[in-house]
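**Q** Structure file target08.cif (mmCIF, C-alpha atoms) right here:
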```
data_target
loop_
_atom_site.label_atom_id
_atom_site.label_comp_id
_atom_site.auth_asym_id
_atom_site.auth_seq_id
_atom_site.Cartn_x
_atom_site.Cartn_y
_atom_site.Cartn_z
CA MET B 27 -4.18 81.78 -58.13
CA GLU B 28 -3.11 81.87 -61.76
CA ARG B 29 -3.66 78.82 -63.93
CA SER B 30 -2.79 77.84 -67.48
CA LEU B 31 -5.69 77.29 -69.89
CA THR B 32 -3.72 76.34 -72.99
CA SER B 33 0.01 76.74 -72.44
CA PRO B 34 1.71 79.20 -72.53
CA VAL B 35 -1.29 81.50 -71.91
CA ILE B 36 -1.72 82.42 -68.23
CA VAL B 37 -5.04 83.88 -67.11
CA PRO B 38 -5.12 85.52 -63.68
CA GLU B 39 -8.21 85.33 -61.50
CA CYS B 40 -10.20 88.21 -60.03
CA ARG B 41 -9.16 88.72 -56.41
CA LEU B 42 -12.72 89.60 -55.43
CA CYS B 43 -14.95 87.06 -57.20
CA GLY B 44 -12.53 84.52 -58.72
CA ALA B 45 -13.58 84.98 -62.37
CA ASP B 46 -10.97 84.73 -65.14
CA LEU B 47 -9.51 88.16 -66.00
CA THR B 48 -9.75 88.00 -69.78
CA GLU B 49 -10.44 91.70 -70.42
CA THR B 50 -7.73 94.40 -70.57
CA PHE B 51 -8.34 97.89 -69.20
CA VAL B 52 -4.90 99.25 -70.15
CA ASN B 53 -1.42 97.77 -70.59
CA LEU B 54 1.42 100.15 -69.63
CA GLY B 55 4.22 97.67 -70.28
CA MET B 56 6.95 96.92 -67.75
CA SER B 57 7.82 99.14 -64.79
CA PRO B 58 9.79 98.93 -61.51
CA LEU B 59 8.17 99.36 -58.11
CA CYS B 60 7.40 103.06 -57.95
CA GLU B 61 8.82 103.66 -54.46
CA SER B 62 12.01 101.59 -54.92
CA PHE B 63 14.41 104.53 -55.00
CA LEU B 64 18.03 103.60 -55.63
CA ALA B 65 21.20 104.55 -53.78
CA ALA B 66 24.17 105.49 -55.94
CA ASP B 67 25.98 102.22 -55.23
CA LYS B 68 23.00 100.24 -56.60
CA LEU B 69 22.81 101.86 -60.03
CA ASP B 70 24.87 99.16 -61.75
CA GLU B 71 22.97 96.29 -60.19
CA ARG B 72 20.10 94.35 -61.69
CA GLU B 73 16.73 96.06 -61.27
CA SER B 74 13.37 94.26 -61.23
CA PHE B 75 10.58 95.32 -63.59
CA TYR B 76 7.04 93.97 -63.49
CA PRO B 77 4.06 94.20 -65.86
CA LEU B 78 1.60 97.07 -65.50
CA HIS B 79 -1.16 95.19 -67.28
CA VAL B 80 -4.49 96.25 -65.76
CA ARG B 81 -7.55 94.05 -66.27
CA VAL B 82 -11.26 94.52 -65.66
CA CYS B 83 -13.22 91.59 -64.26
CA PRO B 84 -16.01 90.58 -66.66
CA SER B 85 -18.11 89.40 -63.72
CA CYS B 86 -17.82 91.86 -60.79
CA LEU B 87 -16.15 94.69 -62.82
CA LEU B 88 -13.28 95.26 -60.39
CA VAL B 89 -10.39 96.91 -62.25
CA GLN B 90 -7.16 95.41 -60.95
CA LEU B 91 -3.50 94.52 -61.31
CA PRO B 92 -2.49 90.96 -60.55
CA ALA B 93 -0.38 90.82 -57.38
CA TYR B 94 2.96 90.58 -59.15
CA VAL B 95 4.61 91.68 -55.90
CA ALA B 96 3.49 90.82 -52.37
CA GLY B 97 2.37 93.68 -50.14
CA GLU B 98 5.00 92.71 -47.56
CA ASP B 99 7.73 93.29 -50.16
CA ILE B 100 6.42 96.79 -50.90
CA PHE B 101 5.21 98.23 -47.63
CA SER B 102 7.41 96.75 -44.88
CA ASP B 103 9.95 99.54 -45.42
CA TYR B 104 8.40 102.45 -47.29
CA ALA B 105 9.69 105.77 -48.62
CA TYR B 106 6.43 107.76 -48.52
CA PHE B 107 5.81 110.09 -45.58
CA SER B 108 2.42 111.85 -45.69
CA SER B 109 3.48 114.87 -43.64
CA TYR B 110 5.62 116.31 -46.45
CA SER B 111 2.47 117.50 -48.25
CA ASP B 112 1.04 120.58 -46.57
CA SER B 113 -2.28 120.32 -48.38
CA TRP B 114 -2.67 116.65 -47.40
CA VAL B 115 -2.03 117.42 -43.73
CA ALA B 116 -4.61 120.23 -43.95
CA HIS B 117 -7.06 117.79 -45.57
CA ALA B 118 -6.48 115.39 -42.68
CA LYS B 119 -7.14 118.11 -40.10
CA ASN B 120 -10.41 119.07 -41.78
CA TYR B 121 -11.48 115.43 -41.71
CA ALA B 122 -10.54 115.01 -38.04
CA ASP B 123 -12.39 118.17 -37.02
CA SER B 124 -15.47 117.17 -39.01
CA MET B 125 -15.60 113.59 -37.70
CA ALA B 126 -15.02 114.71 -34.11
CA GLU B 127 -17.95 117.12 -34.30
CA THR B 128 -20.29 114.88 -36.31
CA LEU B 129 -19.74 111.76 -34.21
CA GLY B 130 -19.34 113.59 -30.89
CA LEU B 131 -15.91 112.09 -30.23
CA ASP B 132 -14.24 112.89 -26.89
CA GLU B 133 -11.77 111.51 -24.35
CA ASN B 134 -13.95 108.41 -23.93
CA SER B 135 -13.90 107.58 -27.65
CA LEU B 136 -11.35 105.75 -29.79
CA VAL B 137 -10.18 106.42 -33.33
CA THR B 138 -8.20 103.71 -35.13
CA GLU B 139 -6.48 104.47 -38.41
CA VAL B 140 -5.24 101.76 -40.76
CA ALA B 141 -2.13 102.66 -42.78
CA SER B 142 -1.58 105.51 -40.34
CA ASN B 143 1.79 106.41 -41.87
CA ASP B 144 3.72 109.03 -39.86
CA GLY B 145 0.78 110.26 -37.79
CA TYR B 146 -0.26 113.00 -40.24
CA LEU B 147 -3.96 112.35 -39.45
CA LEU B 148 -4.11 110.94 -35.93
CA GLN B 149 -2.12 113.88 -34.54
CA HIS B 150 -5.20 116.06 -35.09
CA PHE B 151 -7.40 113.77 -32.97
CA VAL B 152 -4.69 113.67 -30.30
CA ALA B 153 -4.70 117.49 -30.24
CA ARG B 154 -8.40 117.32 -29.37
CA GLY B 155 -7.79 114.87 -26.50
CA ILE B 156 -9.29 111.90 -28.37
CA PRO B 157 -7.49 108.53 -27.87
CA VAL B 158 -6.06 106.98 -31.03
CA VAL B 159 -4.36 103.85 -32.33
CA GLY B 160 -2.49 103.58 -35.61
CA VAL B 161 -1.99 100.35 -37.56
CA GLU B 162 0.96 100.78 -39.92
CA PRO B 163 2.86 98.01 -41.75
CA ALA B 164 6.03 100.01 -42.47
CA ALA B 165 8.20 99.90 -39.34
CA ASN B 166 10.38 102.82 -40.42
CA VAL B 167 7.33 105.07 -40.88
CA ALA B 168 5.64 103.86 -37.69
CA GLU B 169 8.66 104.95 -35.66
CA VAL B 170 8.11 108.54 -36.81
CA ALA B 171 4.51 108.37 -35.57
CA ARG B 172 5.56 106.89 -32.24
CA ALA B 173 8.04 109.73 -31.80
CA LYS B 174 5.03 112.06 -31.96
CA GLY B 175 3.39 110.16 -29.11
CA ILE B 176 0.92 108.28 -31.32
CA ARG B 177 0.24 104.67 -30.31
CA THR B 178 1.08 102.60 -33.36
CA GLU B 179 0.99 98.86 -34.01
CA VAL B 180 3.28 97.60 -36.79
CA GLU B 181 0.97 95.17 -38.57
CA PHE B 182 -0.57 94.28 -41.91
CA LEU B 183 -4.32 94.31 -41.33
CA GLY B 184 -6.28 91.10 -41.64
CA PRO B 185 -9.02 89.37 -39.64
CA GLU B 186 -6.60 88.06 -36.99
CA THR B 187 -4.55 91.24 -36.57
CA GLY B 188 -7.73 93.35 -36.53
CA ALA B 189 -9.13 91.22 -33.72
CA ALA B 190 -5.80 91.35 -31.85
CA VAL B 191 -5.57 95.14 -32.03
CA ALA B 192 -9.20 95.45 -30.91
CA ALA B 193 -8.57 93.07 -28.00
CA LYS B 194 -5.56 95.14 -26.90
CA HIS B 195 -6.92 98.66 -27.37
CA GLY B 196 -10.70 98.25 -27.69
CA ARG B 197 -13.02 98.51 -30.67
CA ALA B 198 -13.19 101.95 -32.20
CA ASP B 199 -15.96 104.49 -32.65
CA LEU B 200 -14.27 105.51 -35.89
CA VAL B 201 -12.02 103.41 -38.12
CA CYS B 202 -10.45 105.23 -41.02
CA GLY B 203 -8.11 104.44 -43.87
CA ASN B 204 -6.84 106.95 -46.43
CA ASN B 205 -5.38 105.69 -49.70
CA VAL B 206 -4.94 102.14 -48.44
CA TYR B 207 -7.98 100.27 -49.81
CA ALA B 208 -6.38 100.21 -53.26
CA HIS B 209 -3.10 98.96 -51.80
CA ILE B 210 -4.16 95.58 -50.46
CA PRO B 211 -4.34 92.40 -52.57
CA ASP B 212 -6.46 90.50 -50.01
CA ILE B 213 -9.55 92.70 -50.18
CA THR B 214 -11.84 90.40 -48.23
CA GLY B 215 -9.32 89.69 -45.48
CA PHE B 216 -8.51 93.37 -45.08
CA THR B 217 -12.19 94.30 -44.96
CA LYS B 218 -12.82 91.67 -42.31
CA GLY B 219 -9.98 93.28 -40.36
CA LEU B 220 -11.75 96.63 -40.56
CA ALA B 221 -14.95 94.99 -39.34
CA ALA B 222 -13.07 93.51 -36.38
CA LEU B 223 -11.74 96.94 -35.38
CA VAL B 224 -15.02 98.89 -35.33
CA LYS B 225 -17.75 98.95 -32.68
CA GLU B 226 -21.22 97.65 -33.57
CA THR B 227 -22.38 101.28 -33.60
CA GLY B 228 -19.17 102.65 -35.09
CA LEU B 229 -18.31 104.07 -38.50
CA VAL B 230 -15.68 103.05 -41.05
CA THR B 231 -14.49 105.59 -43.63
CA LEU B 232 -12.12 104.85 -46.50
CA GLU B 233 -10.66 107.26 -49.06
CA PHE B 234 -9.32 106.12 -52.42
CA PRO B 235 -9.07 107.45 -55.99
CA HIS B 236 -12.24 107.16 -58.05
CA LEU B 237 -11.94 105.19 -61.31
CA LEU B 238 -14.44 107.49 -63.00
CA ARG B 239 -12.14 110.47 -62.40
CA LEU B 240 -9.05 108.47 -63.40
CA ILE B 241 -10.64 107.85 -66.79
CA GLU B 242 -12.12 111.31 -67.29
CA ARG B 243 -8.87 113.07 -66.35
CA ARG B 244 -6.43 110.66 -68.04
CA GLN B 245 -4.74 109.88 -64.73
CA TYR B 246 -2.95 106.77 -65.90
CA ASP B 247 0.14 107.58 -63.84
CA THR B 248 -1.83 106.66 -60.71
CA ILE B 249 -1.51 103.07 -61.93
CA TYR B 250 1.45 101.34 -60.28
CA HIS B 251 2.18 98.10 -58.49
CA GLU B 252 1.38 99.52 -55.06
CA HIS B 253 -2.20 100.05 -56.33
CA TYR B 254 -3.69 96.60 -56.72
CA GLN B 255 -7.20 97.79 -57.67
CA TYR B 256 -9.08 100.85 -58.92
CA TYR B 257 -12.60 101.32 -57.61
CA THR B 258 -15.89 102.65 -58.77
CA LEU B 259 -18.47 103.12 -56.03
CA LEU B 260 -20.16 99.95 -57.28
CA THR B 261 -17.05 97.79 -56.95
CA ALA B 262 -16.18 99.40 -53.61
CA GLN B 263 -19.65 98.47 -52.36
CA ARG B 264 -19.05 94.88 -53.45
CA ALA B 265 -15.61 94.84 -51.83
CA LEU B 266 -16.99 96.11 -48.52
CA ALA B 267 -19.76 93.51 -48.57
CA SER B 268 -17.19 90.72 -49.04
CA GLY B 269 -15.88 91.44 -45.53
CA GLY B 270 -19.16 92.13 -43.77
CA LEU B 271 -19.41 95.93 -44.11
CA HIS B 272 -22.34 97.80 -45.63
CA LEU B 273 -21.97 100.97 -47.69
CA VAL B 274 -24.20 103.72 -46.28
CA ASP B 275 -22.88 106.97 -47.76
CA VAL B 276 -20.19 108.52 -49.98
CA GLU B 277 -18.44 111.86 -50.35
CA GLU B 278 -16.73 113.03 -53.54
CA LEU B 279 -13.37 114.70 -52.88
CA ASP B 280 -10.87 116.66 -54.97
CA THR B 281 -7.84 114.95 -53.41
CA HIS B 282 -5.50 112.89 -55.59
CA GLY B 283 -7.21 114.06 -58.75
CA GLY B 284 -10.65 112.97 -57.59
CA SER B 285 -11.36 110.54 -54.76
CA LEU B 286 -14.23 108.95 -52.89
CA ARG B 287 -14.70 108.75 -49.15
CA VAL B 288 -17.05 105.86 -48.48
CA HIS B 289 -18.89 105.45 -45.18
CA ALA B 290 -19.66 101.90 -44.04
CA ARG B 291 -21.16 100.22 -41.00
CA LEU B 292 -21.58 96.71 -39.63
CA THR B 293 -25.35 96.92 -39.86
CA GLU B 294 -27.20 97.54 -43.10
CA GLN B 295 -28.89 100.92 -43.48
CA PRO B 296 -30.68 102.70 -46.33
CA LEU B 297 -28.23 103.95 -48.96
CA SER B 298 -27.89 107.74 -48.90
CA GLN B 299 -29.24 109.79 -51.79
CA ARG B 300 -25.80 110.97 -52.85
CA ALA B 301 -24.59 107.35 -53.01
CA GLN B 302 -27.59 106.44 -55.16
CA ASP B 303 -26.93 109.44 -57.40
CA LEU B 304 -23.26 108.55 -57.87
CA LEU B 305 -24.09 104.96 -58.74
CA ALA B 306 -26.48 106.28 -61.38
CA ARG B 307 -23.77 108.58 -62.82
CA GLU B 308 -21.29 105.70 -62.98
CA ALA B 309 -23.85 103.61 -64.84
CA GLU B 310 -24.48 106.47 -67.26
CA ALA B 311 -20.71 106.69 -67.89
CA GLY B 312 -20.70 103.02 -68.84
CA LEU B 313 -18.75 101.78 -65.83
CA HIS B 314 -21.36 99.25 -64.78
CA ASP B 315 -20.52 97.02 -67.74
CA VAL B 316 -17.27 95.85 -69.34
CA ALA B 317 -17.71 97.77 -72.59
CA GLY B 318 -17.67 101.11 -70.78
CA HIS B 319 -14.08 100.48 -69.67
CA LYS B 320 -12.71 100.36 -73.22
CA GLY B 321 -10.82 103.15 -75.00
CA PHE B 322 -8.57 104.35 -72.16
CA ALA B 323 -5.38 103.21 -73.92
CA ALA B 324 -5.88 105.83 -76.64
CA GLU B 325 -6.08 108.57 -74.00
CA VAL B 326 -2.83 107.32 -72.46
CA ASP B 327 -1.11 107.65 -75.83
CA LYS B 328 -2.23 111.28 -76.13
CA VAL B 329 -0.66 112.20 -72.78
CA LYS B 330 2.55 110.35 -73.63
CA PHE B 331 2.99 111.83 -77.12
CA ASP B 332 2.26 115.40 -76.01
CA LEU B 333 4.77 115.21 -73.17
CA LEU B 334 7.49 113.64 -75.31
CA ASP B 335 6.93 116.20 -78.08
CA PHE B 336 7.39 119.00 -75.55
CA LEU B 337 10.53 117.53 -73.93
CA ILE B 338 12.22 116.69 -77.24
CA THR B 339 11.50 120.17 -78.62
CA ALA B 340 12.87 121.78 -75.46
CA ARG B 341 16.05 119.71 -75.72
CA ARG B 342 16.55 120.64 -79.38
CA GLU B 343 16.12 124.30 -78.48
CA GLY B 344 18.78 124.04 -75.77
CA LYS B 345 16.31 124.54 -72.91
CA THR B 346 16.74 122.95 -69.49
CA VAL B 347 13.92 120.89 -67.98
CA VAL B 348 13.99 119.58 -64.41
CA GLY B 349 11.34 117.88 -62.32
CA TYR B 350 9.56 118.75 -59.10
CA GLY B 351 8.60 115.89 -56.82
CA ALA B 352 9.38 112.19 -56.73
CA PRO B 353 5.91 110.65 -56.24
CA GLY B 354 4.99 107.13 -57.21
CA LYS B 355 2.80 108.42 -60.02
CA GLY B 356 5.76 110.27 -61.51
CA ASN B 357 7.71 107.04 -61.85
CA THR B 358 4.88 105.39 -63.80
CA LEU B 359 4.76 108.39 -66.14
CA LEU B 360 8.53 108.62 -66.69
CA ASN B 361 9.05 104.91 -67.22
CA GLN B 362 6.07 104.49 -69.53
CA CYS B 363 7.27 107.44 -71.64
CA GLY B 364 10.90 106.29 -71.62
CA ILE B 365 12.13 109.59 -70.16
CA ARG B 366 15.72 109.66 -68.86
CA GLU B 367 18.30 112.30 -67.87
CA ASP B 368 18.67 113.42 -71.49
CA LEU B 369 15.16 114.89 -71.32
CA LEU B 370 14.81 115.53 -67.57
CA ALA B 371 18.09 116.55 -65.92
CA TYR B 372 16.97 115.78 -62.36
CA THR B 373 14.04 116.12 -59.99
CA VAL B 374 13.73 117.52 -56.45
CA ASP B 375 11.62 116.49 -53.48
CA ARG B 376 10.83 117.88 -50.04
CA SER B 377 11.40 114.54 -48.35
CA PRO B 378 15.01 114.26 -47.14
CA HIS B 379 14.61 110.48 -47.27
CA LYS B 380 14.84 110.70 -51.06
CA HIS B 381 17.74 113.16 -51.41
CA GLY B 382 20.84 111.70 -53.03
CA LYS B 383 18.89 108.76 -54.41
CA PHE B 384 17.73 107.98 -57.95
CA LEU B 385 14.32 107.30 -59.45
CA PRO B 386 13.58 103.62 -60.14
CA GLY B 387 13.97 102.59 -63.76
CA THR B 388 14.92 105.99 -65.14
CA HIS B 389 17.82 106.60 -62.69
CA ILE B 390 17.11 110.35 -62.66
CA PRO B 391 18.80 111.90 -59.60
CA ILE B 392 16.83 113.46 -56.73
CA PHE B 393 17.97 116.64 -54.98
CA ALA B 394 16.62 119.02 -52.36
CA PRO B 395 14.20 121.70 -53.66
CA ASP B 396 16.71 124.56 -53.35
CA ARG B 397 18.57 123.10 -56.35
CA ILE B 398 15.95 124.64 -58.65
CA GLU B 399 16.59 128.20 -57.46
CA LYS B 400 20.35 127.69 -57.82
CA ASP B 401 20.13 126.35 -61.38
CA ARG B 402 17.25 128.48 -62.71
CA PRO B 403 15.98 126.01 -65.32
CA ASP B 404 13.75 127.04 -68.20
CA TYR B 405 11.01 124.56 -67.28
CA VAL B 406 9.94 122.63 -64.19
CA LEU B 407 7.93 119.48 -64.88
CA VAL B 408 5.58 119.05 -61.91
CA LEU B 409 5.12 115.33 -61.30
CA PRO B 410 2.61 115.49 -58.38
CA TRP B 411 0.10 117.34 -60.58
CA ASN B 412 -2.65 116.53 -58.07
CA LEU B 413 -1.15 119.20 -55.77
CA LYS B 414 -1.37 121.92 -58.42
CA ILE B 415 -2.86 124.65 -56.22
CA GLU B 416 -0.31 124.05 -53.47
CA LEU B 417 2.64 123.78 -55.87
CA ASP B 418 1.68 126.77 -58.00
CA ALA B 419 2.18 128.83 -54.85
CA GLN B 420 5.34 127.02 -53.71
CA LEU B 421 6.98 127.33 -57.14
CA ALA B 422 5.90 130.88 -57.97
CA TYR B 423 9.55 131.97 -57.68
CA VAL B 424 10.38 130.03 -60.88
CA ARG B 425 8.74 132.78 -62.88
CA ASP B 426 11.17 135.33 -61.41
CA TRP B 427 13.75 134.36 -64.05
CA GLY B 428 11.22 133.60 -66.77
CA GLY B 429 10.91 129.92 -66.00
CA LYS B 430 7.66 128.05 -66.56
CA LEU B 431 5.81 125.24 -64.85
CA VAL B 432 4.73 122.20 -66.85
CA TYR B 433 1.83 119.95 -65.85
CA PRO B 434 1.51 116.75 -67.93
CA ILE B 435 -1.99 115.59 -66.88
CA PRO B 436 -4.85 115.72 -67.80
CA THR B 437 -3.55 117.73 -70.77
CA LEU B 438 -0.15 119.33 -71.20
CA GLU B 439 -0.13 122.77 -69.58
CA VAL B 440 2.86 125.16 -69.75
CA SER B 441 2.51 128.38 -67.77
#
```
Represent the structure contained in this file as structure tokens.
**A**
Amino acid sequence: MERSLTSPVIVPECRLCGADLTETFVNLGMSPLCESFLAADKLDERESFYPLHVRVCPSCLLVQLPAYVAGEDIFSDYAYFSSYSDSWVAHAKNYADSMAETLGLDENSLVTEVASNDGYLLQHFVARGIPVVGVEPAANVAEVARAKGIRTEVEFLGPETGAAVAAKHGRADLVCGNNVYAHIPDITGFTKGLAALVKETGLVTLEFPHLLRLIERRQYDTIYHEHYQYYTLLTAQRALASGGLHLVDVEELDTHGGSLRVHARLTEQPLSQRAQDLLAREAEAGLHDVAGHKGFAAEVDKVKFDLLDFLITARREGKTVVGYGAPGKGNTLLNQCGIREDLLAYTVDRSPHKHGKFLPGTHIPIFAPDRIEKDRPDYVLVLPWNLKIELDAQLAYVRDWGGKLVYPIPTLEVS
């Protein structure tokens, strides 16, 4: 709940501990919802923009955006489908195979995934004969999973819905959630929902971007309204504890520019050595106190100025620049830099759900990927830079006519 101290100053409260959020991590100005793609007949209508002012809690250190927009308004009908990234589906398969072997999962087990999207992950457990249940708030995405034969409940997870799903399908040996723990404003309620879903002897795993990597690699475009908070291992441990889960282990992953996969259980166990080591590294980086979070705004400016210098120079030289991808992170980058069609003619995306639509805020049009080969632009600005290895291979044909790929983060790379 926000409250006025001395009008007109409004100080939001930390969603985890309730302290006043008086410290700024970075302020990216105003931006639309990053997945609110526009149809052509909506381009002349009013468009909503919200602050991207990220704070750090001076008490518990959780880095967070106030909930300017309710989760129900963002995720009830969603434009992101996980299966359109080959590398992400492969990552999911590796996880499923590893968990099945490590935990000894079989036809008598149950795996429940929260924010199960279009079944990109659970399909791999199904292929092994392991029963699954998905919990997905976006009805349009859940229908795609159901069409694959994956049991899916259309729900936002909380203590009551977690208990209801468990009562209907049973408590799970494994509860997982990939890139959802940053997307929920009610951290404690969501975590209690996870606790309600898992067996007493079961395991909960959650993947989310790591704040340490976000800072080190200048990944400010991963800040958008769908991401309500940005975790270190320390703040993730505190978030888990708020809902009755205990951190027991952590894995460091390369996905999404650098992520963590935390392991948690209902019963407290000794913290693994690699979790202890990572906590020590975070402390050494200064992220276990407020002062260590300062200085990121200057790094944001460097990314912005380098990209704008490149695009303006290309325009003056008569070169054509188009985009590849329409990810949420790309919309933060383009809006914060003030990039429009004069600097980026269009972008393309593999998801047919986005074709013929326009990016929020910038109104840059989105086409199918084959548009690039038809037009043969001089440069392709790759917006999902986190998929660099995958996209370097997919876009190798651009070099056939002398075109070059441009990656904006962590530093401008033209190759």
**Q** Applied to this file, what does the PyMOL selection byres ((chain B and resi 320) around 10) return in terms of residues, put as a ChimeraX atom specification?
**A** /B:49-52,82,312-313,316-319,321-324
**Q** The PyMOL selection byres ((chain B and resi 441) around 10) - which residues does that actually catch in the file I just gave you? List them as a list in words.
**A**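 With the PyMOL selection byres ((chain B and resi 441) around 10) on this model, the match is Tyr405, Asp418, Arg425, Gly429, Lys430, Leu431, Val432, Tyr433, Glu439 and Val440 of chain B.
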**Q** Expand the PyMOL selection byres ((chain B and resi 94) around 8) into the individual residues it matches in the shown file, reporting them as a ChimeraX atom specification.
**A** /B:76-77,91-93,95-96,251
**Q** Taking C-alpha atoms for each residue, export the selection above as a PDB file, keeping the file's coordinate frame.
**A**
```pdb
ATOM      1  CA  TYR B  76       7.040  93.970 -63.490  1.00  0.00           C
ATOM      2  CA  PRO B  77       4.060  94.200 -65.860  1.00  0.00           C
ATOM      3  CA  LEU B  91      -3.500  94.520 -61.310  1.00  0.00           C
ATOM      4  CA  PRO B  92      -2.490  90.960 -60.550  1.00  0.00           C
ATOM      5  CA  ALA B  93      -0.380  90.820 -57.380  1.00  0.00           C
ATOM      6  CA  VAL B  95       4.610  91.680 -55.900  1.00  0.00           C
ATOM      7  CA  ALA B  96       3.490  90.820 -52.370  1.00  0.00           C
ATOM      8  CA  HIS B 251       2.180  98.100 -58.490  1.00  0.00           C
TER       9      HIS B 251
END
```
**Q** So which one's closest to Tyr250 of chain B, B:Ala153, B:Leu385, B:Leu229, B:Leu59? Using only C-alpha atoms, please.
**A**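 Using only C-alpha atoms, the shortest distance to Tyr250 of chain B belongs to B:Leu59.
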**Q** How would you write as a compact mmCIF listing (two decimals) with C-alpha atoms, in the coordinates of the input the residues that get within 7 Å of (-15.2, 106.1, -65.1) in the file's frame, counting only C-alpha atoms?
**A**
```txt
# COMPACT_ATOMS: atom_id res chain seq x y z
CA LEU B 237 -11.94 105.19 -61.31
CA LEU B 238 -14.44 107.49 -63.00
CA ARG B 239 -12.14 110.47 -62.40
CA LEU B 240 -9.05 108.47 -63.40
CA ILE B 241 -10.64 107.85 -66.79
CA GLU B 242 -12.12 111.31 -67.29
CA GLU B 308 -21.29 105.70 -62.98
CA ALA B 311 -20.71 106.69 -67.89
CA LEU B 313 -18.75 101.78 -65.83
```
**Q** Go ahead and find all residues with at least one atom no further than 12 Å from (11.3, 111.9, -57.8) in the file's coordinates, using all atoms listed in the file; report them as a CSV table (one decimal) with C-alpha atoms, in the coordinates of the input.
**A**
```
chain,number,residue,atom,x,y,z
B,60,CYS,CA,7.4,103.1,-58.0
B,61,GLU,CA,8.8,103.7,-54.5
B,62,SER,CA,12.0,101.6,-54.9
B,63,PHE,CA,14.4,104.5,-55.0
B,64,LEU,CA,18.0,103.6,-55.6
B,105,ALA,CA,9.7,105.8,-48.6
B,106,TYR,CA,6.4,107.8,-48.5
B,348,VAL,CA,14.0,119.6,-64.4
B,349,GLY,CA,11.3,117.9,-62.3
B,350,TYR,CA,9.6,118.8,-59.1
B,351,GLY,CA,8.6,115.9,-56.8
B,352,ALA,CA,9.4,112.2,-56.7
B,353,PRO,CA,5.9,110.6,-56.2
B,354,GLY,CA,5.0,107.1,-57.2
B,355,LYS,CA,2.8,108.4,-60.0
B,356,GLY,CA,5.8,110.3,-61.5
B,357,ASN,CA,7.7,107.0,-61.8
B,358,THR,CA,4.9,105.4,-63.8
B,359,LEU,CA,4.8,108.4,-66.1
B,360,LEU,CA,8.5,108.6,-66.7
B,361,ASN,CA,9.0,104.9,-67.2
B,370,LEU,CA,14.8,115.5,-67.6
B,371,ALA,CA,18.1,116.6,-65.9
B,372,TYR,CA,17.0,115.8,-62.4
B,373,THR,CA,14.0,116.1,-60.0
B,374,VAL,CA,13.7,117.5,-56.4
B,375,ASP,CA,11.6,116.5,-53.5
B,376,ARG,CA,10.8,117.9,-50.0
B,377,SER,CA,11.4,114.5,-48.4
B,378,PRO,CA,15.0,114.3,-47.1
B,379,HIS,CA,14.6,110.5,-47.3
B,380,LYS,CA,14.8,110.7,-51.1
B,381,HIS,CA,17.7,113.2,-51.4
B,382,GLY,CA,20.8,111.7,-53.0
B,383,LYS,CA,18.9,108.8,-54.4
B,384,PHE,CA,17.7,108.0,-58.0
B,385,LEU,CA,14.3,107.3,-59.4
B,386,PRO,CA,13.6,103.6,-60.1
B,387,GLY,CA,14.0,102.6,-63.8
B,388,THR,CA,14.9,106.0,-65.1
B,389,HIS,CA,17.8,106.6,-62.7
B,390,ILE,CA,17.1,110.4,-62.7
B,391,PRO,CA,18.8,111.9,-59.6
B,392,ILE,CA,16.8,113.5,-56.7
B,393,PHE,CA,18.0,116.6,-55.0
B,394,ALA,CA,16.6,119.0,-52.4
B,395,PRO,CA,14.2,121.7,-53.7
B,407,LEU,CA,7.9,119.5,-64.9
B,408,VAL,CA,5.6,119.0,-61.9
B,409,LEU,CA,5.1,115.3,-61.3
B,410,PRO,CA,2.6,115.5,-58.4
```
**Q** What's the separation between atom CA of Asn205 of chain B and atom CA of Thr187 of chain B, in Å to one decimal place?
**A**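 About the pair atom CA of Asn205 of chain B and atom CA of Thr187 of chain B: they are 19.5 Å apart.
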**Q** Could you list, as a list in words, every residue within 9 Å of segment 412-415 of chain B, counting only C-alpha atoms and ignoring same-chain residues fewer than 2 positions away?
**A**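 These residues fall inside the cut-off: Ser111, Ser113, Trp114, Asp280, Thr281, His282, Gly283, Gly284, Val408, Leu409, Pro410, Leu417, Asp418, Ala419, Gln420, Tyr433 and Ile435 of chain B.
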**Q** My list of candidates is B:Val326, B:Asn204, B:Gln362, B:Ala66. Which is closest to Val288 of chain B when distances are computed with all atoms listed in the file?
**A**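 Distance minimum relative to Val288 of chain B lands on B:Asn204.
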**Q** Which residues, written as a compact mmCIF listing (two decimals) with C-alpha atoms, keeping the file's coordinate frame, have at least one atom at most 10 Å from segment 144-146 of chain B, with all atoms listed in the file counted and residues fewer than 6 positions away on the same chain left out?
**A**
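Below is the file that was written, around_29.txt:
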```txt
# COMPACT_ATOMS: atom_id res chain seq x y z
CA TYR B 106 6.43 107.76 -48.52
CA PHE B 107 5.81 110.09 -45.58
CA SER B 108 2.42 111.85 -45.69
CA SER B 109 3.48 114.87 -43.64
CA TYR B 110 5.62 116.31 -46.45
CA SER B 111 2.47 117.50 -48.25
CA ASP B 112 1.04 120.58 -46.57
CA TRP B 114 -2.67 116.65 -47.40
CA VAL B 115 -2.03 117.42 -43.73
CA ALA B 116 -4.61 120.23 -43.95
CA HIS B 117 -7.06 117.79 -45.57
CA ALA B 118 -6.48 115.39 -42.68
CA LYS B 119 -7.14 118.11 -40.10
CA VAL B 152 -4.69 113.67 -30.30
CA VAL B 159 -4.36 103.85 -32.33
CA GLY B 160 -2.49 103.58 -35.61
CA GLU B 162 0.96 100.78 -39.92
CA ALA B 164 6.03 100.01 -42.47
CA ASN B 166 10.38 102.82 -40.42
CA VAL B 167 7.33 105.07 -40.88
CA ALA B 168 5.64 103.86 -37.69
CA GLU B 169 8.66 104.95 -35.66
CA VAL B 170 8.11 108.54 -36.81
CA ALA B 171 4.51 108.37 -35.57
CA ARG B 172 5.56 106.89 -32.24
CA ALA B 173 8.04 109.73 -31.80
CA LYS B 174 5.03 112.06 -31.96
CA GLY B 175 3.39 110.16 -29.11
CA ILE B 176 0.92 108.28 -31.32
CA ARG B 177 0.24 104.67 -30.31
CA THR B 178 1.08 102.60 -33.36
```
